[in-house]
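So this one's run-v8.cif, mmCIF, N, CA and C atoms:
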data_entry
loop_
_atom_site.label_atom_id
_atom_site.label_comp_id
_atom_site.auth_asym_id
_atom_site.auth_seq_id
_atom_site.Cartn_x
_atom_site.Cartn_y
_atom_site.Cartn_z
N MET Y 1 3.43 20.66 -2.90
CA MET Y 1 2.55 20.08 -1.90
C MET Y 1 3.42 19.59 -0.75
N GLY Y 2 3.04 19.92 0.49
CA GLY Y 2 3.82 19.52 1.65
C GLY Y 2 3.76 18.03 1.89
N ASP Y 3 4.73 17.54 2.68
CA ASP Y 3 4.78 16.11 2.97
C ASP Y 3 3.52 15.63 3.69
N PHE Y 4 3.01 16.45 4.64
CA PHE Y 4 1.81 16.04 5.37
C PHE Y 4 0.62 15.93 4.42
N VAL Y 5 0.46 16.94 3.58
CA VAL Y 5 -0.66 16.94 2.63
C VAL Y 5 -0.52 15.76 1.68
N GLN Y 6 0.69 15.51 1.20
CA GLN Y 6 0.91 14.38 0.29
C GLN Y 6 0.56 13.07 0.97
N SER Y 7 1.00 12.88 2.20
CA SER Y 7 0.72 11.62 2.89
C SER Y 7 -0.78 11.48 3.15
N HIS Y 8 -1.45 12.60 3.48
CA HIS Y 8 -2.90 12.55 3.71
C HIS Y 8 -3.63 12.18 2.42
N VAL Y 9 -3.21 12.77 1.31
CA VAL Y 9 -3.83 12.45 0.02
C VAL Y 9 -3.60 10.98 -0.32
N LEU Y 10 -2.39 10.50 -0.09
CA LEU Y 10 -2.09 9.08 -0.36
C LEU Y 10 -2.94 8.17 0.51
N ARG Y 11 -3.05 8.49 1.80
CA ARG Y 11 -3.83 7.66 2.70
C ARG Y 11 -5.31 7.65 2.31
N THR Y 12 -5.84 8.83 2.01
CA THR Y 12 -7.24 8.93 1.61
C THR Y 12 -7.47 8.19 0.31
N GLY Y 13 -6.54 8.33 -0.62
CA GLY Y 13 -6.65 7.61 -1.90
C GLY Y 13 -6.64 6.11 -1.68
N GLY Y 14 -5.81 5.65 -0.76
CA GLY Y 14 -5.75 4.22 -0.46
C GLY Y 14 -7.05 3.70 0.10
N VAL Y 15 -7.65 4.48 0.99
CA VAL Y 15 -8.94 4.08 1.56
C VAL Y 15 -10.01 4.02 0.48
N LEU Y 16 -10.00 5.01 -0.40
CA LEU Y 16 -10.99 5.01 -1.49
C LEU Y 16 -10.79 3.83 -2.43
N VAL Y 17 -9.55 3.54 -2.76
CA VAL Y 17 -9.26 2.40 -3.63
C VAL Y 17 -9.73 1.11 -2.97
N LEU Y 18 -9.42 0.96 -1.68
CA LEU Y 18 -9.84 -0.23 -0.95
C LEU Y 18 -11.36 -0.36 -0.95
N SER Y 19 -12.05 0.73 -0.70
CA SER Y 19 -13.51 0.71 -0.69
C SER Y 19 -14.06 0.30 -2.05
N CYS Y 20 -13.47 0.87 -3.09
CA CYS Y 20 -13.93 0.53 -4.44
C CYS Y 20 -13.66 -0.93 -4.77
N LEU Y 21 -12.48 -1.40 -4.37
CA LEU Y 21 -12.16 -2.80 -4.64
C LEU Y 21 -13.14 -3.74 -3.94
N LEU Y 22 -13.42 -3.44 -2.69
CA LEU Y 22 -14.28 -4.33 -1.92
C LEU Y 22 -15.74 -4.21 -2.37
N ALA Y 23 -16.16 -3.06 -2.78
CA ALA Y 23 -17.53 -2.91 -3.28
C ALA Y 23 -17.71 -3.70 -4.57
N ALA Y 24 -16.66 -3.82 -5.35
CA ALA Y 24 -16.74 -4.54 -6.61
C ALA Y 24 -16.60 -6.05 -6.40
N CYS Y 25 -16.47 -6.48 -5.18
CA CYS Y 25 -16.27 -7.90 -4.90
C CYS Y 25 -17.58 -8.65 -4.69
N THR Y 26 -18.67 -8.09 -5.12
CA THR Y 26 -19.92 -8.82 -5.10
C THR Y 26 -20.31 -9.12 -6.54
N THR Y 27 -21.30 -9.94 -6.71
CA THR Y 27 -21.74 -10.30 -8.06
C THR Y 27 -23.23 -10.03 -8.22
N SER Y 28 -23.63 -9.87 -9.44
CA SER Y 28 -25.05 -9.63 -9.70
C SER Y 28 -25.76 -10.95 -9.94
N ARG Y 29 -27.07 -10.92 -9.82
CA ARG Y 29 -27.88 -12.11 -10.10
C ARG Y 29 -27.64 -12.58 -11.54
N GLU Y 30 -27.55 -11.62 -12.47
CA GLU Y 30 -27.36 -11.96 -13.89
C GLU Y 30 -26.03 -12.67 -14.11
N ALA Y 31 -24.95 -12.13 -13.52
CA ALA Y 31 -23.63 -12.76 -13.68
C ALA Y 31 -23.63 -14.15 -13.04
N PHE Y 32 -24.30 -14.27 -11.91
CA PHE Y 32 -24.36 -15.55 -11.22
C PHE Y 32 -25.12 -16.58 -12.07
N LYS Y 33 -26.26 -16.17 -12.61
CA LYS Y 33 -27.07 -17.09 -13.43
C LYS Y 33 -26.32 -17.48 -14.70
N ALA Y 34 -25.56 -16.55 -15.28
CA ALA Y 34 -24.85 -16.83 -16.53
C ALA Y 34 -23.77 -17.90 -16.34
N ASN Y 35 -22.99 -17.79 -15.25
CA ASN Y 35 -21.91 -18.76 -15.04
C ASN Y 35 -21.50 -18.76 -13.57
N PRO Y 36 -22.20 -19.49 -12.72
CA PRO Y 36 -21.89 -19.47 -11.29
C PRO Y 36 -20.50 -20.03 -10.97
N LYS Y 37 -19.99 -20.92 -11.82
CA LYS Y 37 -18.67 -21.52 -11.56
C LYS Y 37 -17.52 -20.53 -11.76
N SER Y 38 -17.78 -19.45 -12.48
CA SER Y 38 -16.71 -18.48 -12.75
C SER Y 38 -16.49 -17.50 -11.59
N ILE Y 39 -17.36 -17.53 -10.60
CA ILE Y 39 -17.28 -16.58 -9.48
C ILE Y 39 -16.55 -17.26 -8.32
N ASP Y 40 -15.54 -16.60 -7.81
CA ASP Y 40 -14.76 -17.22 -6.74
C ASP Y 40 -15.55 -17.26 -5.42
N LYS Y 41 -15.09 -18.12 -4.51
CA LYS Y 41 -15.81 -18.35 -3.26
C LYS Y 41 -15.93 -17.09 -2.38
N PRO Y 42 -14.85 -16.31 -2.20
CA PRO Y 42 -15.01 -15.11 -1.36
C PRO Y 42 -16.05 -14.13 -1.93
N THR Y 43 -16.11 -14.01 -3.25
CA THR Y 43 -17.09 -13.11 -3.86
C THR Y 43 -18.50 -13.65 -3.66
N LEU Y 44 -18.66 -14.95 -3.78
CA LEU Y 44 -19.97 -15.55 -3.51
C LEU Y 44 -20.37 -15.31 -2.05
N CYS Y 45 -19.43 -15.50 -1.15
CA CYS Y 45 -19.71 -15.28 0.28
C CYS Y 45 -20.09 -13.84 0.55
N ARG Y 46 -19.34 -12.90 -0.01
CA ARG Y 46 -19.64 -11.49 0.21
C ARG Y 46 -21.03 -11.15 -0.32
N THR Y 47 -21.36 -11.67 -1.49
CA THR Y 47 -22.68 -11.41 -2.07
C THR Y 47 -23.76 -12.05 -1.20
N PHE Y 48 -23.51 -13.27 -0.73
CA PHE Y 48 -24.46 -13.95 0.15
C PHE Y 48 -24.73 -13.11 1.40
N LEU Y 49 -23.67 -12.57 1.99
CA LEU Y 49 -23.82 -11.81 3.23
C LEU Y 49 -24.45 -10.44 3.01
N GLN Y 50 -24.25 -9.84 1.86
CA GLN Y 50 -24.73 -8.48 1.62
C GLN Y 50 -26.06 -8.41 0.89
N SER Y 51 -26.45 -9.49 0.26
CA SER Y 51 -27.67 -9.46 -0.54
C SER Y 51 -28.91 -9.34 0.36
N GLN Y 52 -29.89 -8.60 -0.15
CA GLN Y 52 -31.17 -8.45 0.55
C GLN Y 52 -32.26 -9.27 -0.15
N ASP Y 53 -31.84 -10.14 -1.06
CA ASP Y 53 -32.77 -10.93 -1.88
C ASP Y 53 -32.69 -12.40 -1.44
N PRO Y 54 -33.64 -12.87 -0.59
CA PRO Y 54 -33.58 -14.24 -0.07
C PRO Y 54 -33.49 -15.33 -1.14
N PRO Y 55 -34.26 -15.27 -2.24
CA PRO Y 55 -34.10 -16.33 -3.24
C PRO Y 55 -32.68 -16.34 -3.85
N PHE Y 56 -32.10 -15.16 -4.07
CA PHE Y 56 -30.74 -15.08 -4.59
C PHE Y 56 -29.75 -15.64 -3.57
N GLN Y 57 -29.96 -15.33 -2.30
CA GLN Y 57 -29.11 -15.88 -1.24
C GLN Y 57 -29.18 -17.41 -1.23
N GLN Y 58 -30.36 -17.96 -1.43
CA GLN Y 58 -30.51 -19.42 -1.46
C GLN Y 58 -29.74 -20.02 -2.62
N ASP Y 59 -29.80 -19.37 -3.80
CA ASP Y 59 -29.06 -19.87 -4.97
C ASP Y 59 -27.55 -19.83 -4.70
N ILE Y 60 -27.10 -18.75 -4.08
CA ILE Y 60 -25.67 -18.63 -3.76
C ILE Y 60 -25.28 -19.69 -2.74
N LEU Y 61 -26.12 -19.89 -1.74
CA LEU Y 61 -25.83 -20.89 -0.71
C LEU Y 61 -25.73 -22.29 -1.32
N LYS Y 62 -26.59 -22.60 -2.28
CA LYS Y 62 -26.52 -23.91 -2.96
C LYS Y 62 -25.18 -24.06 -3.69
N GLU Y 63 -24.75 -22.99 -4.36
CA GLU Y 63 -23.47 -23.04 -5.08
C GLU Y 63 -22.30 -23.18 -4.10
N LEU Y 64 -22.37 -22.45 -2.98
CA LEU Y 64 -21.32 -22.55 -1.98
C LEU Y 64 -21.26 -23.97 -1.39
N ASN Y 65 -22.43 -24.55 -1.09
CA ASN Y 65 -22.47 -25.91 -0.56
C ASN Y 65 -21.91 -26.91 -1.57
N ARG Y 66 -22.20 -26.68 -2.85
CA ARG Y 66 -21.67 -27.55 -3.90
C ARG Y 66 -20.14 -27.52 -3.90
N ARG Y 67 -19.58 -26.38 -3.51
CA ARG Y 67 -18.12 -26.21 -3.46
C ARG Y 67 -17.53 -26.58 -2.10
N GLY Y 68 -18.36 -27.02 -1.20
CA GLY Y 68 -17.88 -27.43 0.12
C GLY Y 68 -17.73 -26.29 1.11
N VAL Y 69 -18.41 -25.18 0.88
CA VAL Y 69 -18.34 -24.02 1.78
C VAL Y 69 -19.68 -23.90 2.49
N GLN Y 70 -19.62 -23.76 3.81
CA GLN Y 70 -20.83 -23.57 4.61
C GLN Y 70 -21.05 -22.08 4.84
N ALA Y 71 -22.28 -21.71 5.13
CA ALA Y 71 -22.63 -20.30 5.36
C ALA Y 71 -21.81 -19.70 6.50
N TYR Y 72 -21.53 -20.49 7.52
CA TYR Y 72 -20.77 -19.97 8.65
C TYR Y 72 -19.30 -19.73 8.32
N ASP Y 73 -18.82 -20.25 7.18
CA ASP Y 73 -17.45 -19.99 6.73
C ASP Y 73 -17.32 -18.62 6.06
N CYS Y 74 -18.44 -18.07 5.61
CA CYS Y 74 -18.41 -16.85 4.80
C CYS Y 74 -17.84 -15.62 5.51
N PRO Y 75 -18.23 -15.33 6.76
CA PRO Y 75 -17.65 -14.13 7.38
C PRO Y 75 -16.12 -14.17 7.44
N GLN Y 76 -15.55 -15.33 7.74
CA GLN Y 76 -14.09 -15.45 7.80
C GLN Y 76 -13.47 -15.28 6.40
N MET Y 77 -14.11 -15.85 5.38
CA MET Y 77 -13.61 -15.70 4.01
C MET Y 77 -13.60 -14.24 3.58
N VAL Y 78 -14.67 -13.55 3.89
CA VAL Y 78 -14.78 -12.13 3.53
C VAL Y 78 -13.74 -11.32 4.30
N GLN Y 79 -13.56 -11.64 5.58
CA GLN Y 79 -12.57 -10.93 6.39
C GLN Y 79 -11.17 -11.16 5.83
N ASN Y 80 -10.86 -12.38 5.42
CA ASN Y 80 -9.55 -12.68 4.84
C ASN Y 80 -9.34 -11.89 3.55
N GLN Y 81 -10.39 -11.80 2.73
CA GLN Y 81 -10.29 -11.05 1.49
C GLN Y 81 -10.08 -9.56 1.79
N ASP Y 82 -10.78 -9.04 2.78
CA ASP Y 82 -10.62 -7.64 3.18
C ASP Y 82 -9.19 -7.37 3.65
N GLN Y 83 -8.66 -8.28 4.46
CA GLN Y 83 -7.30 -8.11 4.97
C GLN Y 83 -6.27 -8.17 3.84
N ALA Y 84 -6.48 -9.06 2.89
CA ALA Y 84 -5.56 -9.15 1.76
C ALA Y 84 -5.60 -7.87 0.93
N ALA Y 85 -6.79 -7.35 0.72
CA ALA Y 85 -6.93 -6.10 -0.04
C ALA Y 85 -6.29 -4.94 0.72
N ALA Y 86 -6.49 -4.90 2.03
CA ALA Y 86 -5.90 -3.83 2.83
C ALA Y 86 -4.38 -3.92 2.81
N ALA Y 87 -3.85 -5.14 2.87
CA ALA Y 87 -2.39 -5.31 2.81
C ALA Y 87 -1.85 -4.85 1.46
N LEU Y 88 -2.57 -5.15 0.40
CA LEU Y 88 -2.16 -4.73 -0.93
C LEU Y 88 -2.13 -3.21 -1.03
N VAL Y 89 -3.14 -2.56 -0.51
CA VAL Y 89 -3.19 -1.09 -0.52
C VAL Y 89 -2.06 -0.53 0.35
N ALA Y 90 -1.83 -1.15 1.51
CA ALA Y 90 -0.76 -0.68 2.39
C ALA Y 90 0.60 -0.77 1.71
N VAL Y 91 0.85 -1.87 1.03
CA VAL Y 91 2.12 -2.03 0.31
C VAL Y 91 2.25 -0.97 -0.77
N ALA Y 92 1.17 -0.72 -1.48
CA ALA Y 92 1.19 0.31 -2.53
C ALA Y 92 1.45 1.69 -1.93
N LEU Y 93 0.81 1.98 -0.79
CA LEU Y 93 1.01 3.28 -0.15
C LEU Y 93 2.43 3.44 0.38
N VAL Y 94 2.97 2.40 0.96
CA VAL Y 94 4.34 2.47 1.47
C VAL Y 94 5.30 2.67 0.30
N GLY Y 95 5.09 1.93 -0.78
CA GLY Y 95 5.93 2.10 -1.95
C GLY Y 95 5.86 3.51 -2.50
N THR Y 96 4.67 4.07 -2.54
CA THR Y 96 4.51 5.44 -3.02
C THR Y 96 5.20 6.42 -2.08
N ALA Y 97 5.04 6.22 -0.77
CA ALA Y 97 5.67 7.11 0.20
C ALA Y 97 7.19 7.04 0.09
N VAL Y 98 7.73 5.85 -0.10
CA VAL Y 98 9.18 5.70 -0.26
C VAL Y 98 9.64 6.43 -1.51
N ALA Y 99 8.90 6.30 -2.59
CA ALA Y 99 9.27 6.98 -3.83
C ALA Y 99 9.22 8.49 -3.65
N VAL Y 100 8.18 8.99 -2.98
CA VAL Y 100 8.07 10.43 -2.74
C VAL Y 100 9.24 10.91 -1.89
N CYS Y 101 9.56 10.16 -0.84
CA CYS Y 101 10.68 10.56 0.02
C CYS Y 101 12.01 10.48 -0.72
N ALA Y 102 12.18 9.47 -1.54
CA ALA Y 102 13.43 9.35 -2.28
C ALA Y 102 13.61 10.54 -3.22
N ASN Y 103 12.53 11.01 -3.79
CA ASN Y 103 12.62 12.14 -4.72
C ASN Y 103 12.72 13.49 -4.00
N ASN Y 104 12.28 13.56 -2.75
CA ASN Y 104 12.26 14.83 -2.03
C ASN Y 104 13.22 14.87 -0.86
N ASN Y 105 14.04 13.86 -0.69
CA ASN Y 105 15.01 13.79 0.40
C ASN Y 105 14.37 14.04 1.76
N CYS Y 106 13.21 13.42 2.01
CA CYS Y 106 12.55 13.65 3.29
C CYS Y 106 13.01 12.68 4.36
N GLY Y 107 13.88 11.75 4.02
CA GLY Y 107 14.34 10.78 5.00
C GLY Y 107 15.56 11.22 5.76
N GLY Y 108 16.23 12.27 5.32
CA GLY Y 108 17.44 12.70 6.01
C GLY Y 108 18.56 11.72 5.75
N GLY Y 109 19.45 11.59 6.70
CA GLY Y 109 20.57 10.67 6.56
C GLY Y 109 21.62 11.21 5.60
N GLY Y 110 22.67 10.45 5.42
CA GLY Y 110 23.72 10.88 4.51
C GLY Y 110 24.38 12.15 5.00
N TYR Y 111 24.94 12.90 4.11
CA TYR Y 111 25.61 14.14 4.45
C TYR Y 111 25.06 15.27 3.58
N PRO Y 112 23.83 15.70 3.82
CA PRO Y 112 23.28 16.78 3.00
C PRO Y 112 24.16 18.02 2.96
N PRO Y 113 24.80 18.44 4.08
CA PRO Y 113 25.65 19.63 3.97
C PRO Y 113 26.81 19.39 3.00
N TYR Y 114 27.29 18.18 2.95
CA TYR Y 114 28.42 17.85 2.07
C TYR Y 114 28.04 18.11 0.62
N ARG Y 115 26.82 17.76 0.25
CA ARG Y 115 26.38 17.98 -1.13
C ARG Y 115 26.22 19.47 -1.42
N ARG Y 116 25.94 20.25 -0.40
CA ARG Y 116 25.74 21.69 -0.61
C ARG Y 116 27.04 22.47 -0.50
N TYR Y 117 28.08 21.85 0.05
CA TYR Y 117 29.34 22.56 0.27
C TYR Y 117 29.95 22.93 -1.08
N PRO Y 118 30.28 24.22 -1.25
CA PRO Y 118 30.74 24.67 -2.57
C PRO Y 118 32.17 24.27 -2.93
N GLY Y 119 32.97 23.89 -1.95
CA GLY Y 119 34.36 23.58 -2.25
C GLY Y 119 34.66 22.10 -2.24
N ASN Y 120 35.95 21.78 -2.21
CA ASN Y 120 36.39 20.38 -2.21
C ASN Y 120 36.58 19.82 -0.80
N CYS Y 121 36.77 20.65 0.17
CA CYS Y 121 37.20 20.20 1.50
C CYS Y 121 36.10 20.34 2.56
N TYR Y 122 35.07 19.57 2.47
CA TYR Y 122 34.04 19.60 3.51
C TYR Y 122 34.52 18.80 4.72
N SER Y 123 35.01 17.57 4.49
CA SER Y 123 35.42 16.74 5.63
C SER Y 123 36.95 16.55 5.64
N TYR Y 124 37.41 16.07 6.76
CA TYR Y 124 38.83 15.84 7.00
C TYR Y 124 39.45 14.95 5.93
N TYR Y 125 38.69 13.96 5.44
CA TYR Y 125 39.23 12.95 4.53
C TYR Y 125 39.08 13.31 3.05
N ASP Y 126 38.49 14.46 2.74
CA ASP Y 126 38.36 14.88 1.35
C ASP Y 126 39.72 15.30 0.80
N ARG Y 127 39.78 15.41 -0.52
CA ARG Y 127 41.01 15.85 -1.19
C ARG Y 127 40.84 17.26 -1.72
N ALA Y 128 41.83 18.05 -1.56
CA ALA Y 128 41.83 19.42 -2.07
C ALA Y 128 42.03 19.39 -3.58
N ALA Y 129 41.93 20.52 -4.22
CA ALA Y 129 42.08 20.61 -5.67
C ALA Y 129 43.45 20.14 -6.13
N ASP Y 130 44.47 20.31 -5.28
CA ASP Y 130 45.83 19.88 -5.65
C ASP Y 130 46.08 18.40 -5.35
N GLY Y 131 45.05 17.70 -4.82
CA GLY Y 131 45.16 16.26 -4.55
C GLY Y 131 45.57 15.92 -3.13
N SER Y 132 45.94 16.93 -2.35
CA SER Y 132 46.37 16.65 -0.98
C SER Y 132 45.14 16.43 -0.10
N LEU Y 133 45.38 15.76 1.01
CA LEU Y 133 44.33 15.51 1.98
C LEU Y 133 43.96 16.83 2.65
N CYS Y 134 42.68 17.11 2.80
CA CYS Y 134 42.24 18.39 3.36
C CYS Y 134 42.61 18.52 4.83
N GLY Y 135 42.42 17.47 5.61
CA GLY Y 135 42.79 17.50 7.02
C GLY Y 135 42.15 18.64 7.77
N ASN Y 136 42.99 19.40 8.49
CA ASN Y 136 42.48 20.50 9.32
C ASN Y 136 42.01 21.70 8.50
N ARG Y 137 42.21 21.68 7.21
CA ARG Y 137 41.70 22.77 6.36
C ARG Y 137 40.23 22.56 6.01
N SER Y 138 39.67 21.41 6.36
CA SER Y 138 38.27 21.10 5.99
C SER Y 138 37.28 21.98 6.73
N ALA Y 139 36.11 22.13 6.16
CA ALA Y 139 35.06 22.93 6.78
C ALA Y 139 34.63 22.35 8.12
N MET Y 140 34.62 21.04 8.22
CA MET Y 140 34.21 20.40 9.49
C MET Y 140 35.24 20.63 10.58
N SER Y 141 36.47 20.91 10.21
CA SER Y 141 37.51 21.12 11.20
C SER Y 141 37.56 22.55 11.71
N ARG Y 142 36.95 23.48 11.02
CA ARG Y 142 36.95 24.88 11.43
C ARG Y 142 35.87 25.14 12.47
N PRO Y 143 36.14 26.03 13.42
CA PRO Y 143 35.17 26.30 14.49
C PRO Y 143 33.77 26.69 13.99
N GLY Y 144 33.67 27.52 13.00
CA GLY Y 144 32.36 27.95 12.53
C GLY Y 144 31.86 27.17 11.34
N GLY Y 145 32.60 26.16 10.94
CA GLY Y 145 32.22 25.43 9.73
C GLY Y 145 32.61 26.23 8.52
N TRP Y 146 31.83 26.32 7.55
CA TRP Y 146 32.18 27.07 6.34
C TRP Y 146 31.34 28.26 6.16
#
Taking this structure as input, can you express it in the form of structure tokens?
Amino acid sequence: MGDFVQSHVLRTGGVLVLSCLLAACTTSREAFKANPKSIDKPTLCRTFLQSQDPPFQQDILKELNRRGVQAYDCPQMVQNQDQAAAALVAVALVGTAVAVCANNNCGGGGYPPYRRYPGNCYSYYDRAADGSLCGNRSAMSRPGGW
């Protein structure tokens, strides 16, 4: 798989993971009724903002007020949670991209020709088989290289 295709797959996967994470950040009426204290404030806010059930919204609002959160605080709380989730996905994607590049040498740098050079004397400072300094006998010192 090419680097472009791999990065596109990683990016798309990250977006899907983020979407799934954020979609799961709401709560159901049943879970809320069972134990409202177990649901964190950002999840309550997200559910409050997304719910189409006014009585459920009122119950959530009462719980939020009990915790010292006002309805106008909810959009900022949800945005902060979204940003934290996006940062987490970004870190995961960067880590994956670094690992892919480390395994496929897509970053360049170093001396790739040196690793491919079949002999001992690629550069001026290398040692020949007899232990002497390669100097002007090195591949880098020759007009056409090796």
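If you look at atom CA of Tyr72 of chain Y and atom CA of Thr43 of chain Y, they are 14.7 Å away from each other.
The shell of residues at most 7 Å from Ser138 of chain Y, with only C-alpha atoms counted and near chain neighbours (fewer than 6 positions) removed, consists of Cys121, Tyr122, Ser123 and Tyr124 of chain Y.
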Within 6 Å of (-26.7, -16.4, 0.2), in the coordinates the file gives, what residues turn up when you count all atoms listed in the file, written out as a PyMOL selection string? chain Y and resi 47-49+56-61
Point-to-point distance from atom N of Ala71 of chain Y to atom N of Ala87 of chain Y, Å rounded to tenths: 24.9 Å
Hey, can you check how far atom C of Pro118 of chain Y sits from atom N of Arg142 of chain Y? 14.8 Å
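Minimum distance to Gln81 of chain Y across Y:Pro42, Y:Thr27, Y:Met140, Y:Asp126 (counting all atoms listed in the file) occurs at Y:Pro42.
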Which residue, Y:Ala99, Y:Val91, Y:Gln50, Y:Arg137, has the smallest gap to Tyr125 of chain Y when you use only C-alpha atoms? Y:Arg137
For this structure, which residues satisfy the selection - the PyMOL selection byres (((chain Y and resi 28 and name CA) around 10) and name CA) - when it is evaluated on the file as given? I want them as a PDB file with N, CA and C atoms, in the frame of the given file.
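Contents of the output file part_5.pdb:
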ATOM      1  N   THR Y  26     -18.670  -8.090  -5.120  1.00  0.00           N
ATOM      2  CA  THR Y  26     -19.920  -8.820  -5.100  1.00  0.00           C
ATOM      3  C   THR Y  26     -20.310  -9.120  -6.540  1.00  0.00           C
ATOM      4  N   THR Y  27     -21.300  -9.940  -6.710  1.00  0.00           N
ATOM      5  CA  THR Y  27     -21.740 -10.300  -8.060  1.00  0.00           C
ATOM      6  C   THR Y  27     -23.230 -10.030  -8.220  1.00  0.00           C
ATOM      7  N   ARG Y  29     -27.070 -10.920  -9.820  1.00  0.00           N
ATOM      8  CA  ARG Y  29     -27.880 -12.110 -10.100  1.00  0.00           C
ATOM      9  C   ARG Y  29     -27.640 -12.580 -11.540  1.00  0.00           C
ATOM     10  N   GLU Y  30     -27.550 -11.620 -12.470  1.00  0.00           N
ATOM     11  CA  GLU Y  30     -27.360 -11.960 -13.890  1.00  0.00           C
ATOM     12  C   GLU Y  30     -26.030 -12.670 -14.110  1.00  0.00           C
ATOM     13  N   ALA Y  31     -24.950 -12.130 -13.520  1.00  0.00           N
ATOM     14  CA  ALA Y  31     -23.630 -12.760 -13.680  1.00  0.00           C
ATOM     15  C   ALA Y  31     -23.630 -14.150 -13.040  1.00  0.00           C
ATOM     16  N   PHE Y  32     -24.300 -14.270 -11.910  1.00  0.00           N
ATOM     17  CA  PHE Y  32     -24.360 -15.550 -11.220  1.00  0.00           C
ATOM     18  C   PHE Y  32     -25.120 -16.580 -12.070  1.00  0.00           C
ATOM     19  N   LYS Y  33     -26.260 -16.170 -12.610  1.00  0.00           N
ATOM     20  CA  LYS Y  33     -27.070 -17.090 -13.430  1.00  0.00           C
ATOM     21  C   LYS Y  33     -26.320 -17.480 -14.700  1.00  0.00           C
ATOM     22  N   ALA Y  34     -25.560 -16.550 -15.280  1.00  0.00           N
ATOM     23  CA  ALA Y  34     -24.850 -16.830 -16.530  1.00  0.00           C
ATOM     24  C   ALA Y  34     -23.770 -17.900 -16.340  1.00  0.00           C
ATOM     25  N   LEU Y  44     -18.660 -14.950  -3.780  1.00  0.00           N
ATOM     26  CA  LEU Y  44     -19.970 -15.550  -3.510  1.00  0.00           C
ATOM     27  C   LEU Y  44     -20.370 -15.310  -2.050  1.00  0.00           C
ATOM     28  N   THR Y  47     -21.360 -11.670  -1.490  1.00  0.00           N
ATOM     29  CA  THR Y  47     -22.680 -11.410  -2.070  1.00  0.00           C
ATOM     30  C   THR Y  47     -23.760 -12.050  -1.200  1.00  0.00           C
ATOM     31  N   SER Y  51     -26.450  -9.490   0.260  1.00  0.00           N
ATOM     32  CA  SER Y  51     -27.670  -9.460  -0.540  1.00  0.00           C
ATOM     33  C   SER Y  51     -28.910  -9.340   0.360  1.00  0.00           C
ATOM     34  N   PHE Y  56     -32.100 -15.160  -4.070  1.00  0.00           N
ATOM     35  CA  PHE Y  56     -30.740 -15.080  -4.590  1.00  0.00           C
ATOM     36  C   PHE Y  56     -29.750 -15.640  -3.570  1.00  0.00           C
TER      37      PHE Y  56
END
Output: segment 25-35 of chain Y of the preceding structure, restricted to N, CA, C and O atoms, written as an mmCIF file, in the first residue's frame.
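Result file follows (decode32.cif):
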data_model
loop_
_atom_site.group_PDB
_atom_site.id
_atom_site.type_symbol
_atom_site.label_atom_id
_atom_site.label_comp_id
_atom_site.auth_asym_id
_atom_site.auth_seq_id
_atom_site.Cartn_x
_atom_site.Cartn_y
_atom_site.Cartn_z
ATOM 1 N N CYS Y 25 -21.007 9.358 23.431
ATOM 2 C CA CYS Y 25 -20.892 10.238 24.590
ATOM 3 C C CYS Y 25 -22.239 10.794 25.044
ATOM 4 O O CYS Y 25 -22.294 11.811 25.718
ATOM 5 N N THR Y 26 -23.306 10.182 24.644
ATOM 6 C CA THR Y 26 -24.610 10.554 25.173
ATOM 7 C C THR Y 26 -25.096 9.402 26.042
ATOM 8 O O THR Y 26 -24.498 8.329 26.065
ATOM 9 N N THR Y 27 -26.154 9.642 26.764
ATOM 10 C CA THR Y 27 -26.691 8.609 27.645
ATOM 11 C C THR Y 27 -28.170 8.374 27.336
ATOM 12 O O THR Y 27 -28.825 9.240 26.775
ATOM 13 N N SER Y 28 -28.625 7.223 27.707
ATOM 14 C CA SER Y 28 -30.039 6.909 27.475
ATOM 15 C C SER Y 28 -30.852 7.303 28.703
ATOM 16 O O SER Y 28 -30.327 7.474 29.801
ATOM 17 N N ARG Y 29 -32.149 7.418 28.505
ATOM 18 C CA ARG Y 29 -33.061 7.721 29.609
ATOM 19 C C ARG Y 29 -32.938 6.640 30.692
ATOM 20 O O ARG Y 29 -32.909 6.944 31.877
ATOM 21 N N GLU Y 30 -32.829 5.369 30.261
ATOM 22 C CA GLU Y 30 -32.752 4.254 31.215
ATOM 23 C C GLU Y 30 -31.485 4.343 32.064
ATOM 24 O O GLU Y 30 -31.537 4.162 33.280
ATOM 25 N N ALA Y 31 -30.346 4.607 31.417
ATOM 26 C CA ALA Y 31 -29.085 4.720 32.169
ATOM 27 C C ALA Y 31 -29.139 5.917 33.119
ATOM 28 O O ALA Y 31 -28.649 5.845 34.250
ATOM 29 N N PHE Y 32 -29.748 6.995 32.660
ATOM 30 C CA PHE Y 32 -29.865 8.184 33.499
ATOM 31 C C PHE Y 32 -30.741 7.899 34.723
ATOM 32 O O PHE Y 32 -30.381 8.254 35.836
ATOM 33 N N LYS Y 33 -31.877 7.262 34.494
ATOM 34 C CA LYS Y 33 -32.793 6.954 35.603
ATOM 35 C C LYS Y 33 -32.156 5.975 36.588
ATOM 36 O O LYS Y 33 -32.370 6.062 37.787
ATOM 37 N N ALA Y 34 -31.361 5.030 36.081
ATOM 38 C CA ALA Y 34 -30.745 4.022 36.947
ATOM 39 C C ALA Y 34 -29.737 4.649 37.911
ATOM 40 O O ALA Y 34 -29.723 4.315 39.098
ATOM 41 N N ASN Y 35 -28.889 5.556 37.405
ATOM 42 C CA ASN Y 35 -27.874 6.153 38.273
ATOM 43 C C ASN Y 35 -27.373 7.458 37.653
ATOM 44 O O ASN Y 35 -26.332 7.487 36.998
#
